[in-house]
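Encoded as structure tokens, the structure appears first; notes follow it.
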Amino acid sequence: DAGVIQSPRHEVTEMGQEVTLRCKPISGHNSLFWYRQTMMRGLELLIYFNNNVPIDDSGMPEDRFSAKMPNASFSTLKIQPSEPRDSAVYFCASSRLSGSYNEQFFGPGTRLTVL
Amino acid sequence: AQSVAQPEDQVNVAEGNPLTVKCTYSVSGNPYLFWYVQYPNRGLQFLLKYITGDNLVKGSYGFEAEFNKSQTSFHLKKPSALVSDSALYFCAVRDIRDTDKLIFGTGTRLQVFP
């Protein structure tokens, strides 16, 4: 199994530009999570999907952030327009849907730098 | 409120010595507890979990964790540390209000010196 795949691994952009991060979950997993990690705030859950449906987006910082999951094997996190404070490592994770105790598997992350 | 606490920002251990990374939790009801490790420039990797049963849980890379209900703790342990164990370790608990979600601690950086 290839694990959770994220692209790009690194992204450098200028303030005001649109940024799109991509994630392919592990095949057979039907829960997908987007996290953000910074030194100041640690690991934050932004949004998660069950069976491609957004369940909880309360962690999304503001309207500049949006996420979609058009099918079971692909999700995007978009920031438009981007700001320097969005600089962070963004992780995607997936798990089997159970509502109980299945562990989440994390991708390698996308390191975003907004200048 | 549900939470996990990792009281130490950093733990320093000499190679070959036993290591302990501490975690305490606050959850009403039965907790589901997890440990993850993050190596530099990598995503979090699952190490082990406690769901029910034996209080001593064995996981990957020789790590184990002991669930202690009376002390509400779930400390991560290893009998003999390796330099390659140096990483950031996260404790997490299943959110009982939304059981698909994990509540993560702030992380503990483990440094193993040769």
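Within each chain, counting starts at residue 1; across the structure tokens, chains are named A, B, ... in the order shown, with ligands numbered 1 upward in that order.
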
Env of region 102-106 of chain B: 10 Å cut, atoms = only C-alpha atoms, seq-sep filter 6 positions within chain, self excluded. Answer as a ChimeraX atom specification.
/A:39,41-45,101,103-104 /B:2-9,23-25,32-36,88-96

Which residues are close to Ala81 (chain B), i.e. within 7 Å by only C-alpha atoms, leaving aside same-chain residues fewer than 4 positions away? Reply as JSON, numbers by chain.
{"B": [15, 16, 17, 18, 19, 85, 112]}

Give as a ChimeraX atom specification every residue of chain B that touches chain A within 6 Å, counting only C-alpha atoms.
/B:42-44,99-100

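Considering the residues A:Ser94, A:Gln37, A:Ser75, A:Asn52 and counting only C-alpha atoms, Asn41 (chain B) has its shortest atom-to-atom contact with A:Gln37.
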
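We find CA of Val114 (chain A) and CA of Thr20 (chain A) to be spaced 12.6 Å apart.
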
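Here CA of Phe67 (chain B) and CA of Gly53 (chain B) stand 9.8 Å from one another.
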
Running DSSP on the backbone, which parts of chain A land in strand (DSSP E or B), as a PyMOL selection string?
chain A and resi 5-7+10-13+19-24+31-38+42-50+53-56+65-71+74-79+88-95+105-106+110-114

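If you measure from each of B:Val21, B:Lys49, B:Lys77, B:Asp98 to Gly62 (chain B) using only C-alpha atoms, the closest one turns out to be B:Lys77.
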
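For the residues A:Ile47, A:Glu14, A:Asp57, A:Ala67, ranking by smallest atom-to-atom distance to Ser82 (chain A) using only C-alpha atoms places A:Glu14 first.
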
For Ala1 (chain B), please output as a PyMOL selection string all residues within 10 Å (counting only C-alpha atoms; exclusion window: fewer than 6 positions along the same chain).
chain B and resi 26-28

Nearest-residue call for Ala87 (chain B), choices B:Asn30, B:Thr52, B:Asn12, B:Gln71, using only C-alpha atoms
B:Asn12

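The shortest atom-to-atom distance to Ser27 (chain A), with only C-alpha atoms taken into account, belongs to A:Ala2 out of A:Arg64, A:Ala2, A:Thr113, A:Thr76.
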